[in-house]
Amino acid sequence: MTAELIDGKAYAETVRARVRDRVAALHADTGLTPGLAVVLVGQDPASEVYVRSKGRQAVDAGMKSFEHRLPADTAEAELLDLIARLNDDPHVHGILVQLPLPPHLDARAVINAISPTKDVDGFHISNVGMVGTGQDAIVPCTPLGCMIMLRQYHDDFRGKTALVIGHSNIVGKPMARLLLNADCTVMIAHKSSTNIPELARLADIIVVAAGVPGLVRAEWIKPGATVIDVGINRIQRAGKPALVGDVDFDNVRKVAGAITPVPGGVGPMTIACLLVNTLSAFCHQHDLPDLPLLLDEQDPS
Ligand SMILES: Nc1nc(=O)c2c([nH]1)NC[C@@H]1CN(c3ccc(C(=O)N[C@@H](CCC(=O)O)C(=O)O)cc3)C=[N+]21
């Protein structure tokens, strides 16, 4: 058996097309345009690539993109001041501060300074608490993208068992909470836990966000399981740079039922979900109906 490839790039395109249509329709009705502000402190090359991509995709979706690039030695007060201005700016509906921040900045203080209604990353403590208690809130983009793809393979999570490997605030913890909210039985493992193999064998769903290339091995996989690989690791393979996930892809795909590739899996869905969150924040701020945009709600066509 060879696993079905979960084409994150194709799903992302579908989601982006829906966002684009909705943005155009709302603009025609109201004359308003959603705006996304992305703040980048310092010059991390990977972050530069992501920030450019986020800005370009926002514009492609008919939104306004505001990029704020600050030097690596920016004082925290200055960054907080920029966030305060963006919080007050009626043209800005979503604010994303690219992580990681340089070490002299307190990322927690910076994130919690963003207005929860504009926190399109879903990292503000208020959104985290709401999602944690099963309330409607802005959901972090990567776990949201993973849930959208998982729903294509699991119309009901009840009775299913999931293993989340990695417990970051950005992916692991919110992923586990979303699966729990969907009535899945959820295990959360630290990447260096020695019993991951036994836990993995129980799992109908594995989501890994550990930053360890090849961590998830074929012997661990329950045949037919759905494997979602959030890892993005830049490695050298046969003397050439390569982008790989946290899953031993070539072997795991022989056992799994469905699997996301890297690249072309979770990554593109993350950015598509950022646009979803920005549109949704815009709708809430302007009292417009926040219609479903996700793949669950199939086109009437
Ligand atoms: N405040 C904040 N929010 C984030 O959402 C956030 C962040 N900071 N910091 C960095 C991580 C990483 N991240 C990715 C987004 C898209 C791809 C993506 O599209 N990846 C492509 C490949 C891109 C490539 O070739 O490098 C793919 O997987 O196919 C990857 C990673 C968002 N992040």
# chains A, B, ... in the order shown; residues from 1 in each chain; ligands from 1

$ residues_around --residues "Leu144 (chain A)" --least-positions-apart "5" --cutoff "8 Å" --atoms "only C-alpha atoms" --output "short mmCIF file (atom, residue, chain, number, x, y, z; two decimals) with C-alpha atoms, in the first residue's frame"
data_model
loop_
_atom_site.label_atom_id
_atom_site.label_comp_id
_atom_site.auth_asym_id
_atom_site.auth_seq_id
_atom_site.Cartn_x
_atom_site.Cartn_y
_atom_site.Cartn_z
CA VAL A 139 -6.98 29.82 15.55
CA MET A 175 -3.08 21.38 17.34
CA THR A 270 -0.33 27.95 6.69
CA CYS A 273 -5.03 30.19 6.58
#

$ closest_atom_pairs --of "region 50-94 of chain A" --to "region 24-45 of chain A" --cutoff "6 Å" --atoms "only C-alpha atoms" --output "CSV"
residue,atom,partner,partner_atom,distance
A:Met63,CA,A:Pro34,CA,5.1
A:Lys64,CA,A:Gly35,CA,4.4
A:Ser65,CA,A:Leu36,CA,5.0
A:Phe66,CA,A:Ala37,CA,4.5
A:Glu67,CA,A:Val38,CA,5.1
A:His68,CA,A:Val39,CA,4.7
A:Arg69,CA,A:Leu40,CA,4.9
A:Leu70,CA,A:Val41,CA,4.7
A:Pro71,CA,A:Gly42,CA,5.0
A:Ala72,CA,A:Gly42,CA,3.7
A:His91,CA,A:Gly35,CA,5.8
A:Val92,CA,A:Gly35,CA,4.6
A:His93,CA,A:Gly35,CA,5.2
A:Gly94,CA,A:Leu36,CA,4.7

$ closest_atom_pairs --of "chain A" --to "ligand 1" --cutoff "8 Å" --atoms "only C-alpha atoms and all ligand atoms" --output "tab-separated table"
residue	atom	partner	partner_atom_place_in_ligand_line	distance
A:Gly8	CA	ligand 1	29 (O)	7.9
A:Lys9	CA	ligand 1	29 (O)	7.2
A:Ala46	CA	ligand 1	26 (O)	6.9
A:Ser47	CA	ligand 1	10 (C)	6.2
A:Val49	CA	ligand 1	26 (O)	7.1
A:Tyr50	CA	ligand 1	15 (C)	5.8
A:Ser53	CA	ligand 1	19 (O)	7.8
A:Leu96	CA	ligand 1	1 (N)	5.3
A:Val97	CA	ligand 1	1 (N)	4.8
A:Gln98	CA	ligand 1	1 (N)	3.8
A:Leu99	CA	ligand 1	8 (N)	3.9
A:Pro100	CA	ligand 1	9 (N)	6.1
A:Asp121	CA	ligand 1	3 (N)	5.7
A:Pro140	CA	ligand 1	5 (O)	7.7
A:Cys141	CA	ligand 1	5 (O)	6.2
A:Thr142	CA	ligand 1	5 (O)	6.7
A:Ile170	CA	ligand 1	4 (C)	7.9
A:Ile232	CA	ligand 1	30 (C)	6.7
A:Leu243	CA	ligand 1	25 (O)	6.9
A:Val262	CA	ligand 1	28 (O)	5.3
A:Pro263	CA	ligand 1	29 (O)	3.4
A:Gly264	CA	ligand 1	29 (O)	3.6
A:Gly265	CA	ligand 1	28 (O)	5.7
A:Val266	CA	ligand 1	28 (O)	5.9
A:Gly267	CA	ligand 1	18 (C)	3.4
A:Pro268	CA	ligand 1	19 (O)	4.1
A:Met269	CA	ligand 1	19 (O)	7.3
A:Thr270	CA	ligand 1	15 (C)	5.6
A:Ile271	CA	ligand 1	16 (C)	5.6
A:Leu274	CA	ligand 1	5 (O)	7.5

$ residues_around --residues "Val276 (chain A)" --least-positions-apart "3" --cutoff "9 Å" --atoms "only C-alpha atoms" --output "list in words"
Val15, Arg16, Val19, Val120, Cys141, Ile271, Ala272, Cys273, Leu279, Ser280, Ala281, Leu293 and Leu294 of chain A

$ atom_distance --atom1 "CA of Ala200 (chain A)" --atom2 "CA of His154 (chain A)"
17.7 Å

$ closest_residue --among "A:Ala58, A:Val216, A:Leu86, A:Leu150" --to "Lys118 (chain A)" --atoms "only C-alpha atoms"
A:Leu86

$ closest_residue --among "A:Ala203, A:Asp88, A:Pro143, A:Ala242" --to "Thr117 (chain A)" --atoms "only C-alpha atoms"
A:Asp88

$ closest_residue --among "A:Val59, A:Leu202, A:Leu275, A:Ala258" --to "Gln152 (chain A)" --atoms "only C-alpha atoms"
A:Ala258

$ select_by_dssp --residues "region 9-247 of chain A" --states "strand (DSSP E)" --output "PyMOL selection string"
chain A and resi 35-41+64-70+94-97+161-165+185-189+205-208+226-229+233-237+240-244

$ residues_around --residues "Ile205 (chain A)" --least-positions-apart "6" --cutoff "7 Å" --atoms "only C-alpha atoms" --output "PyMOL selection string"
chain A and resi 161-163+225-227

$ closest_residue --among "A:Val110, A:Ala75, A:Asp290, A:Val247" --to "Asn277 (chain A)" --atoms "only C-alpha atoms"
A:Asp290
